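Asker: First the structure, then my questions, so here it is.
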Amino acid sequence: MDRHTLESAAAKYSYLRGLFGIPAGLAFIAAALGNNAVGPFAHDWFFVLVIAALGLMALAITRYYNDNYGRLNPSSTQQVRVAITVAIAVAAMVGGAFLLRDLPVNGIAVSFATLMLVSYAITVGLSAHQVIIWGALLIAGALPVWNGEDPSNTGLVMAGVAVIACGLLDHRLFVRAFGPPTVAADAQA
Amino acid sequence: MLRPDEAAPVLDRLIHEPGRLAILTVLSSVKDADFLFLQRATGLTKGNLSSHLTKLEDAGLVTIEKRFIRKKPNTNVALTAVGKQRIAEHWAQLERLRQLSEPDEPRPAHRGP
């Protein structure tokens with residue numbers, strides 16, 4: 001019996017529910033398309049419709065995890081940790097994009113990749129795929145090739161793709177930790 | 001090695017059973033969790049988990065709340081204050097036992113004149 005594995009089960013449950021990465025990543029991409037007014041995204045109502053659909057997708061994913069893997073309320077320590085992580089995240093995103101605005105780098109990609117690396121390291125520890133995906137985004141964003149047009153929207157698309165890819169691999173880790181979804185689906189007592 | 005004035009570690013038999021130790025350890029890291037999550041996290045069967053939870057509830061280490069979520073029955077479990085204290089003490093005793101089982105540090109060789 002591994003004490004650490006048992007104690008970290010709640011953190012893994014909270015942070016490795018990677019299917020949420022799909023609507024989150026699509027929201028990033030939709031934001032970039034909306035900013036560039038690409039196709040139907042030229043209309044504000046279409047963007048709102050897409051975000052609403054992604055919200056419904058997130059609700060369905062919540063139900064999938066609750067029905068197949070159960071529910072929990074995190075401890076107050078974990079809640080404080082999440083609050084601190086979110087505060088650092090917001091500060092890092094805003095501050096990073098501001099500090100890097102005059103450099104030929106992609107501020108969105110660099111600050112978001114750094115934020116994700118730090119938040120995974122604080123919460124569940126970094127896995128190989130997280131280091132590779134967020135490291136690649138960080139390097140791509142930090143390459144001094146982003147002069148000229150505002151690279152924010154390209155950064156949003158890159159971040160969106162990274163969120164989806166990382167989410168799918170996080171979900172794989174989640175299933176490895178808690179088992180396939182059908183085994184205990186009828187286990188409510 | 002125990003010192004002469006030191007008491008030997010005492011393990012709590014109720015908690016030391018692997019299934020119950022797993023349940024309490026998982027619960028010690030959350031505010032509360034439902035039956036299905038505990039089953040997933042501990043790998044216990046439905047019957048085993050149910051039986052262990054009944055024993056833990058009878059001993060006052062956990063509270064069990066039966067409720068309905070979207071018309072489906074749901075069992076929610078939380079550690080009591082006594083349960084929190086007992087599981088923390090138990091892990092401390094196990095840690096002490098582990099330290100006692102380790103060989104004493106080799107003494108440096110005596111280099112006399």
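Within each chain, counting starts at residue 1; across the structure tokens, chains are named A, B, ... in the order shown, with ligands numbered 1 upward in that order.
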Within 12 Å of chain B, which residues of chain A show up? Give each one with its shortest atom-to-atom distance in Å (one decimal) and the two atoms involved, counting only C-alpha atoms, rows by chain then rising residue number, as a Markdown table.
Answerer:
| residue | atom | partner | partner_atom | distance |
| --- | --- | --- | --- | --- |
| A:Met1 | CA | B:Pro18 | CA | 7.5 |
| A:Asp2 | CA | B:Ala22 | CA | 8.9 |
| A:Arg3 | CA | B:Thr25 | CA | 7.2 |
| A:His4 | CA | B:Thr25 | CA | 9.2 |
| A:Thr5 | CA | B:Val26 | CA | 9.0 |
| A:Leu6 | CA | B:Val26 | CA | 5.3 |
| A:Glu7 | CA | B:Val26 | CA | 5.3 |
| A:Ser8 | CA | B:Ser29 | CA | 7.6 |
| A:Ala9 | CA | B:Ala41 | CA | 6.2 |
| A:Ala10 | CA | B:Val30 | CA | 6.6 |
| A:Ala11 | CA | B:Ser29 | CA | 8.6 |
| A:Lys12 | CA | B:Ala41 | CA | 10.0 |
| A:Tyr13 | CA | B:Phe37 | CA | 8.9 |
| A:Ser14 | CA | B:Val30 | CA | 10.9 |
| A:Arg63 | CA | B:Arg70 | CA | 10.6 |
| A:Tyr65 | CA | B:Phe37 | CA | 10.0 |
| A:Asn66 | CA | B:Phe37 | CA | 8.7 |
| A:Asp67 | CA | B:Leu36 | CA | 8.5 |
| A:Asn68 | CA | B:Leu36 | CA | 7.8 |
| A:Tyr69 | CA | B:Phe37 | CA | 5.5 |
| A:Gly70 | CA | B:Phe37 | CA | 4.3 |
| A:Arg71 | CA | B:Asp34 | CA | 5.5 |
| A:Leu72 | CA | B:Ala33 | CA | 4.0 |
| A:Asn73 | CA | B:Asp32 | CA | 5.3 |
| A:Pro74 | CA | B:Val30 | CA | 4.7 |
| A:Ser75 | CA | B:Val30 | CA | 4.3 |
| A:Ser76 | CA | B:Lys31 | CA | 7.2 |
| A:Thr77 | CA | B:Ser29 | CA | 8.8 |
| A:Gln78 | CA | B:Val30 | CA | 8.1 |
| A:Gln79 | CA | B:Val30 | CA | 10.0 |
| A:Phe174 | CA | B:Arg40 | CA | 11.0 |
| A:Val175 | CA | B:Arg40 | CA | 10.2 |
| A:Arg176 | CA | B:Arg40 | CA | 11.1 |
| A:Ala177 | CA | B:Ala41 | CA | 8.0 |
| A:Phe178 | CA | B:Arg40 | CA | 5.4 |
| A:Gly179 | CA | B:Arg40 | CA | 7.2 |
| A:Pro180 | CA | B:Arg40 | CA | 9.9 |
| A:Pro181 | CA | B:Arg40 | CA | 10.0 |
| A:Thr182 | CA | B:Arg40 | CA | 11.5 |
| A:Val183 | CA | B:Arg40 | CA | 9.4 |
| A:Ala184 | CA | B:Leu36 | CA | 7.3 |
| A:Ala185 | CA | B:Leu36 | CA | 8.2 |
| A:Asp186 | CA | B:Leu36 | CA | 8.8 |
| A:Ala187 | CA | B:Leu36 | CA | 6.0 |
| A:Gln188 | CA | B:Leu36 | CA | 5.7 |
| A:Ala189 | CA | B:Thr75 | CA | 6.2 |
Asker: Hey, what does DSSP flag as alpha helix (DSSP H) within region 73-167 of chain A? Can you give it to me as a PyMOL selection string?
Answerer: chain A and resi 76-99+107-123+128-142+152-167
Asker: Export C-alpha atoms of the chosen residues as a compact mmCIF listing (two decimals), in the first residue's frame?
Answerer:
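The result, stored in out29.txt:
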# COMPACT_ATOMS: atom_id res chain seq x y z
CA SER A 76 -9.63 23.20 2.53
CA THR A 77 -5.84 22.87 1.99
CA GLN A 78 -6.44 21.84 -1.61
CA GLN A 79 -8.95 24.68 -2.11
CA VAL A 80 -6.40 27.20 -0.83
CA ARG A 81 -3.80 25.71 -3.17
CA VAL A 82 -6.18 26.09 -6.13
CA ALA A 83 -6.97 29.70 -5.16
CA ILE A 84 -3.25 30.53 -4.97
CA THR A 85 -2.61 28.78 -8.30
CA VAL A 86 -5.42 30.73 -9.99
CA ALA A 87 -4.13 34.02 -8.53
CA ILE A 88 -0.60 33.25 -9.76
CA ALA A 89 -2.05 32.20 -13.12
CA VAL A 90 -3.91 35.45 -13.68
CA ALA A 91 -0.93 37.53 -12.55
CA ALA A 92 1.45 35.51 -14.76
CA MET A 93 -0.78 35.78 -17.84
CA VAL A 94 -1.41 39.52 -17.52
CA GLY A 95 2.10 40.38 -16.33
CA GLY A 96 3.81 38.09 -18.84
CA ALA A 97 1.90 39.43 -21.83
CA PHE A 98 2.58 43.02 -20.64
CA LEU A 99 6.30 42.52 -20.02
CA GLY A 107 3.65 36.71 -25.05
CA ILE A 108 0.45 34.62 -24.88
CA ALA A 109 2.24 31.37 -25.73
CA VAL A 110 5.17 32.02 -23.37
CA SER A 111 3.10 33.14 -20.38
CA PHE A 112 0.43 30.44 -20.81
CA ALA A 113 3.00 27.64 -21.20
CA THR A 114 4.88 28.87 -18.11
CA LEU A 115 1.65 29.10 -16.17
CA MET A 116 0.64 25.54 -17.10
CA LEU A 117 4.05 24.12 -16.22
CA VAL A 118 3.98 25.85 -12.82
CA SER A 119 0.37 24.91 -12.03
CA TYR A 120 0.89 21.21 -12.89
CA ALA A 121 4.12 21.17 -10.87
CA ILE A 122 2.31 22.66 -7.82
CA THR A 123 -0.77 20.41 -7.99
CA ALA A 128 6.46 13.60 -19.42
CA HIS A 129 3.71 14.61 -21.85
CA GLN A 130 3.04 17.84 -19.92
CA VAL A 131 6.73 18.79 -20.01
CA ILE A 132 6.89 18.04 -23.75
CA ILE A 133 3.67 19.86 -24.74
CA TRP A 134 4.08 22.95 -22.55
CA GLY A 135 7.84 23.00 -23.08
CA ALA A 136 7.28 22.96 -26.85
CA LEU A 137 4.76 25.82 -26.59
CA LEU A 138 7.16 27.78 -24.39
CA ILE A 139 10.05 27.32 -26.83
CA ALA A 140 7.89 28.10 -29.88
CA GLY A 141 6.60 31.25 -28.20
CA ALA A 142 10.07 32.34 -27.06
CA SER A 152 -1.71 37.11 -29.86
CA ASN A 153 -4.24 35.22 -31.97
CA THR A 154 -1.66 32.74 -33.24
CA GLY A 155 -0.66 32.31 -29.59
CA LEU A 156 -4.29 31.59 -28.66
CA VAL A 157 -4.58 28.93 -31.39
CA MET A 158 -1.29 27.31 -30.34
CA ALA A 159 -2.38 27.35 -26.67
CA GLY A 160 -5.77 25.89 -27.62
CA VAL A 161 -4.20 22.99 -29.53
CA ALA A 162 -1.81 22.38 -26.61
CA VAL A 163 -4.70 22.39 -24.10
CA ILE A 164 -6.60 19.78 -26.17
CA ALA A 165 -3.53 17.56 -26.69
CA CYS A 166 -2.49 17.76 -23.03
CA GLY A 167 -6.08 17.15 -21.90
Asker: Quote the spacing between CA of Leu33 (chain A) and CA of Gly55 (chain A) in Å to one decimal place.
Answerer: 17.7 Å
Asker: In Å to one decimal, how far is CA of Met57 (chain A) from CA of Asp44 (chain A)?
Answerer: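 Distance between the two atoms: 20.2 Å.
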Asker: Which one of B:Leu53, B:Leu44, B:Ile69, B:Ile87 sits closest to His16 (chain B) if you count only C-alpha atoms?
Answerer: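 Selected residue with least distance to His16 (chain B): B:Ile87.
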Asker: What is the CA of Leu61 (chain B) to CA of Leu14 (chain B) distance in Å?
Answerer: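 CA of Leu61 (chain B) sits 10.2 Å away from CA of Leu14 (chain B).
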Asker: Restricting the calculation to only C-alpha atoms, which member of A:Asp102, A:Tyr15, A:Gly125, A:Val50 is positioned closest to Ala30 (chain A)?
Answerer: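 Among the listed residues, A:Val50 lies closest to Ala30 (chain A).
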Asker: Leaving out Ala59 (chain B) and any residue of its chain fewer than 6 positions from it, which residues lie within 12 Å of it when counting only C-alpha atoms, given as a PyMOL selection string?
Answerer: chain B and resi 13-15+20+52-53+79-80+82-83+86
Asker: Those residues you just picked out, can you put them in a file as a PDB file, in the first residue's frame with all heavy atoms?
Answerer:
ATOM      1  N   ARG B  13      -5.661  -1.904  15.572  1.00  0.00           N
ATOM      2  CA  ARG B  13      -6.084  -3.052  14.760  1.00  0.00           C
ATOM      3  C   ARG B  13      -7.239  -2.729  13.820  1.00  0.00           C
ATOM      4  O   ARG B  13      -7.318  -3.246  12.713  1.00  0.00           O
ATOM      5  CB  ARG B  13      -6.491  -4.222  15.668  1.00  0.00           C
ATOM      6  CG  ARG B  13      -5.294  -4.981  16.194  1.00  0.00           C
ATOM      7  CD  ARG B  13      -5.720  -6.050  17.178  1.00  0.00           C
ATOM      8  NE  ARG B  13      -4.566  -6.799  17.635  1.00  0.00           N
ATOM      9  CZ  ARG B  13      -4.103  -7.871  17.003  1.00  0.00           C
ATOM     10  NH1 ARG B  13      -4.694  -8.331  15.946  1.00  0.00           N
ATOM     11  NH2 ARG B  13      -3.038  -8.502  17.471  1.00  0.00           N
ATOM     12  N   LEU B  14      -8.132  -1.866  14.273  1.00  0.00           N
ATOM     13  CA  LEU B  14      -9.279  -1.503  13.428  1.00  0.00           C
ATOM     14  C   LEU B  14      -8.807  -0.806  12.154  1.00  0.00           C
ATOM     15  O   LEU B  14      -9.270  -1.097  11.052  1.00  0.00           O
ATOM     16  CB  LEU B  14     -10.236  -0.577  14.200  1.00  0.00           C
ATOM     17  CG  LEU B  14     -11.429  -0.072  13.395  1.00  0.00           C
ATOM     18  CD1 LEU B  14     -12.454  -1.180  13.170  1.00  0.00           C
ATOM     19  CD2 LEU B  14     -12.092   1.125  14.060  1.00  0.00           C
ATOM     20  N   ILE B  15      -7.845   0.078  12.310  1.00  0.00           N
ATOM     21  CA  ILE B  15      -7.363   0.865  11.161  1.00  0.00           C
ATOM     22  C   ILE B  15      -6.327   0.103  10.351  1.00  0.00           C
ATOM     23  O   ILE B  15      -6.189   0.320   9.158  1.00  0.00           O
ATOM     24  CB  ILE B  15      -6.762   2.199  11.677  1.00  0.00           C
ATOM     25  CG1 ILE B  15      -7.844   3.027  12.360  1.00  0.00           C
ATOM     26  CG2 ILE B  15      -6.142   3.005  10.552  1.00  0.00           C
ATOM     27  CD1 ILE B  15      -7.342   4.320  12.953  1.00  0.00           C
ATOM     28  N   ARG B  20      -9.315  -0.812   5.208  1.00  0.00           N
ATOM     29  CA  ARG B  20      -9.745   0.335   6.023  1.00  0.00           C
ATOM     30  C   ARG B  20      -8.671   1.417   6.063  1.00  0.00           C
ATOM     31  O   ARG B  20      -8.984   2.608   6.057  1.00  0.00           O
ATOM     32  CB  ARG B  20     -10.123  -0.136   7.433  1.00  0.00           C
ATOM     33  CG  ARG B  20     -11.391  -0.984   7.447  1.00  0.00           C
ATOM     34  CD  ARG B  20     -11.933  -1.173   8.840  1.00  0.00           C
ATOM     35  NE  ARG B  20     -11.194  -2.162   9.610  1.00  0.00           N
ATOM     36  CZ  ARG B  20     -11.465  -3.468   9.628  1.00  0.00           C
ATOM     37  NH1 ARG B  20     -12.458  -3.943   8.912  1.00  0.00           N
ATOM     38  NH2 ARG B  20     -10.744  -4.288  10.359  1.00  0.00           N
ATOM     39  N   HIS B  52     -16.449  -2.452   5.109  1.00  0.00           N
ATOM     40  CA  HIS B  52     -15.448  -1.658   5.846  1.00  0.00           C
ATOM     41  C   HIS B  52     -16.041  -0.330   6.318  1.00  0.00           C
ATOM     42  O   HIS B  52     -15.782   0.108   7.439  1.00  0.00           O
ATOM     43  CB  HIS B  52     -14.229  -1.368   4.962  1.00  0.00           C
ATOM     44  CG  HIS B  52     -13.360  -2.573   4.745  1.00  0.00           C
ATOM     45  ND1 HIS B  52     -12.994  -3.416   5.766  1.00  0.00           N
ATOM     46  CD2 HIS B  52     -12.761  -3.050   3.628  1.00  0.00           C
ATOM     47  CE1 HIS B  52     -12.223  -4.383   5.282  1.00  0.00           C
ATOM     48  NE2 HIS B  52     -12.078  -4.184   3.987  1.00  0.00           N
ATOM     49  N   LEU B  53     -16.856   0.288   5.462  1.00  0.00           N
ATOM     50  CA  LEU B  53     -17.448   1.581   5.840  1.00  0.00           C
ATOM     51  C   LEU B  53     -18.385   1.428   7.035  1.00  0.00           C
ATOM     52  O   LEU B  53     -18.423   2.280   7.919  1.00  0.00           O
ATOM     53  CB  LEU B  53     -18.195   2.202   4.653  1.00  0.00           C
ATOM     54  CG  LEU B  53     -17.328   2.816   3.560  1.00  0.00           C
ATOM     55  CD1 LEU B  53     -18.187   3.308   2.398  1.00  0.00           C
ATOM     56  CD2 LEU B  53     -16.477   3.962   4.096  1.00  0.00           C
ATOM     57  N   LEU B  79     -14.608  11.892   6.946  1.00  0.00           N
ATOM     58  CA  LEU B  79     -13.873  11.512   8.146  1.00  0.00           C
ATOM     59  C   LEU B  79     -14.358  12.379   9.321  1.00  0.00           C
ATOM     60  O   LEU B  79     -14.567  13.578   9.150  1.00  0.00           O
ATOM     61  CB  LEU B  79     -12.394  11.788   7.871  1.00  0.00           C
ATOM     62  CG  LEU B  79     -11.314  10.907   8.462  1.00  0.00           C
ATOM     63  CD1 LEU B  79     -11.557   9.442   8.165  1.00  0.00           C
ATOM     64  CD2 LEU B  79      -9.949  11.327   7.925  1.00  0.00           C
ATOM     65  N   THR B  80     -14.527  11.771  10.491  1.00  0.00           N
ATOM     66  CA  THR B  80     -14.865  12.572  11.682  1.00  0.00           C
ATOM     67  C   THR B  80     -13.567  13.129  12.276  1.00  0.00           C
ATOM     68  O   THR B  80     -12.471  12.743  11.858  1.00  0.00           O
ATOM     69  CB  THR B  80     -15.554  11.691  12.748  1.00  0.00           C
ATOM     70  OG1 THR B  80     -14.633  10.677  13.139  1.00  0.00           O
ATOM     71  CG2 THR B  80     -16.824  11.069  12.225  1.00  0.00           C
ATOM     72  N   VAL B  82     -12.405  12.476  15.186  1.00  0.00           N
ATOM     73  CA  VAL B  82     -11.721  11.332  15.814  1.00  0.00           C
ATOM     74  C   VAL B  82     -10.995  10.514  14.735  1.00  0.00           C
ATOM     75  O   VAL B  82      -9.848  10.093  14.912  1.00  0.00           O
ATOM     76  CB  VAL B  82     -12.746  10.433  16.554  1.00  0.00           C
ATOM     77  CG1 VAL B  82     -12.070   9.198  17.135  1.00  0.00           C
ATOM     78  CG2 VAL B  82     -13.440  11.216  17.646  1.00  0.00           C
ATOM     79  N   GLY B  83     -11.695  10.314  13.613  1.00  0.00           N
ATOM     80  CA  GLY B  83     -11.091   9.557  12.505  1.00  0.00           C
ATOM     81  C   GLY B  83      -9.825  10.219  11.997  1.00  0.00           C
ATOM     82  O   GLY B  83      -8.825   9.545  11.725  1.00  0.00           O
ATOM     83  N   ARG B  86      -7.102   9.578  14.551  1.00  0.00           N
ATOM     84  CA  ARG B  86      -6.663   8.173  14.616  1.00  0.00           C
ATOM     85  C   ARG B  86      -5.825   7.790  13.393  1.00  0.00           C
ATOM     86  O   ARG B  86      -4.831   7.090  13.519  1.00  0.00           O
ATOM     87  CB  ARG B  86      -7.897   7.252  14.718  1.00  0.00           C
ATOM     88  CG  ARG B  86      -8.669   7.365  16.011  1.00  0.00           C
ATOM     89  CD  ARG B  86      -8.277   6.306  17.044  1.00  0.00           C
ATOM     90  NE  ARG B  86      -8.608   4.950  16.671  1.00  0.00           N
ATOM     91  CZ  ARG B  86      -9.758   4.343  16.966  1.00  0.00           C
ATOM     92  NH1 ARG B  86     -10.704   4.996  17.617  1.00  0.00           N
ATOM     93  NH2 ARG B  86      -9.963   3.089  16.627  1.00  0.00           N
TER      94      ARG B  86
END
Asker: I want to know what sits within 10 Å of region 58-62 of chain A, based on only C-alpha atoms, with residues of the same chain fewer than 5 positions away left out; could you give that as an mmCIF file with N, CA, C and O atoms, in the first residue's frame?
Answerer:
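Result written to selection.cif:
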data_model
loop_
_atom_site.group_PDB
_atom_site.id
_atom_site.type_symbol
_atom_site.label_atom_id
_atom_site.label_comp_id
_atom_site.auth_asym_id
_atom_site.auth_seq_id
_atom_site.Cartn_x
_atom_site.Cartn_y
_atom_site.Cartn_z
ATOM 1 N N ARG A 17 -8.690 15.324 -15.005
ATOM 2 C CA ARG A 17 -9.917 15.095 -15.787
ATOM 3 C C ARG A 17 -9.757 15.841 -17.114
ATOM 4 O O ARG A 17 -10.353 16.882 -17.355
ATOM 5 N N GLY A 18 -8.925 15.231 -17.956
ATOM 6 C CA GLY A 18 -8.420 15.934 -19.127
ATOM 7 C C GLY A 18 -9.423 16.223 -20.218
ATOM 8 O O GLY A 18 -9.177 17.078 -21.074
ATOM 9 N N LEU A 19 -10.578 15.519 -20.200
ATOM 10 C CA LEU A 19 -11.544 15.771 -21.276
ATOM 11 C C LEU A 19 -12.034 17.224 -21.249
ATOM 12 O O LEU A 19 -12.497 17.743 -22.255
ATOM 13 N N PHE A 20 -11.916 17.873 -20.092
ATOM 14 C CA PHE A 20 -12.279 19.298 -20.014
ATOM 15 C C PHE A 20 -11.366 20.138 -20.910
ATOM 16 O O PHE A 20 -11.703 21.269 -21.269
ATOM 17 N N GLY A 21 -10.217 19.587 -21.270
ATOM 18 C CA GLY A 21 -9.293 20.301 -22.151
ATOM 19 C C GLY A 21 -9.874 20.522 -23.543
ATOM 20 O O GLY A 21 -9.473 21.468 -24.238
ATOM 21 N N ILE A 22 -10.824 19.637 -23.936
ATOM 22 C CA ILE A 22 -11.395 19.775 -25.293
ATOM 23 C C ILE A 22 -12.216 21.071 -25.411
ATOM 24 O O ILE A 22 -11.904 21.918 -26.252
ATOM 25 N N PRO A 23 -13.258 21.274 -24.558
ATOM 26 C CA PRO A 23 -13.976 22.558 -24.681
ATOM 27 C C PRO A 23 -13.097 23.762 -24.360
ATOM 28 O O PRO A 23 -13.243 24.826 -24.980
ATOM 29 N N ALA A 24 -12.156 23.604 -23.401
ATOM 30 C CA ALA A 24 -11.297 24.743 -23.046
ATOM 31 C C ALA A 24 -10.411 25.140 -24.225
ATOM 32 O O ALA A 24 -10.303 26.331 -24.579
ATOM 33 N N ALA A 52 -21.491 28.926 -25.745
ATOM 34 C CA ALA A 52 -22.598 28.240 -25.049
ATOM 35 C C ALA A 52 -22.545 26.740 -25.324
ATOM 36 O O ALA A 52 -22.734 25.922 -24.409
ATOM 37 N N ALA A 53 -22.280 26.362 -26.575
ATOM 38 C CA ALA A 53 -22.190 24.935 -26.930
ATOM 39 C C ALA A 53 -21.031 24.278 -26.179
ATOM 40 O O ALA A 53 -21.150 23.138 -25.698
ATOM 41 N N ASP A 67 -20.533 10.304 -13.029
ATOM 42 C CA ASP A 67 -21.244 9.023 -13.120
ATOM 43 C C ASP A 67 -20.290 7.836 -13.150
ATOM 44 O O ASP A 67 -20.632 6.750 -12.707
ATOM 45 N N ARG A 71 -17.787 11.419 -6.970
ATOM 46 C CA ARG A 71 -17.684 12.854 -6.639
ATOM 47 C C ARG A 71 -16.853 13.001 -5.387
ATOM 48 O O ARG A 71 -16.821 12.112 -4.539
#
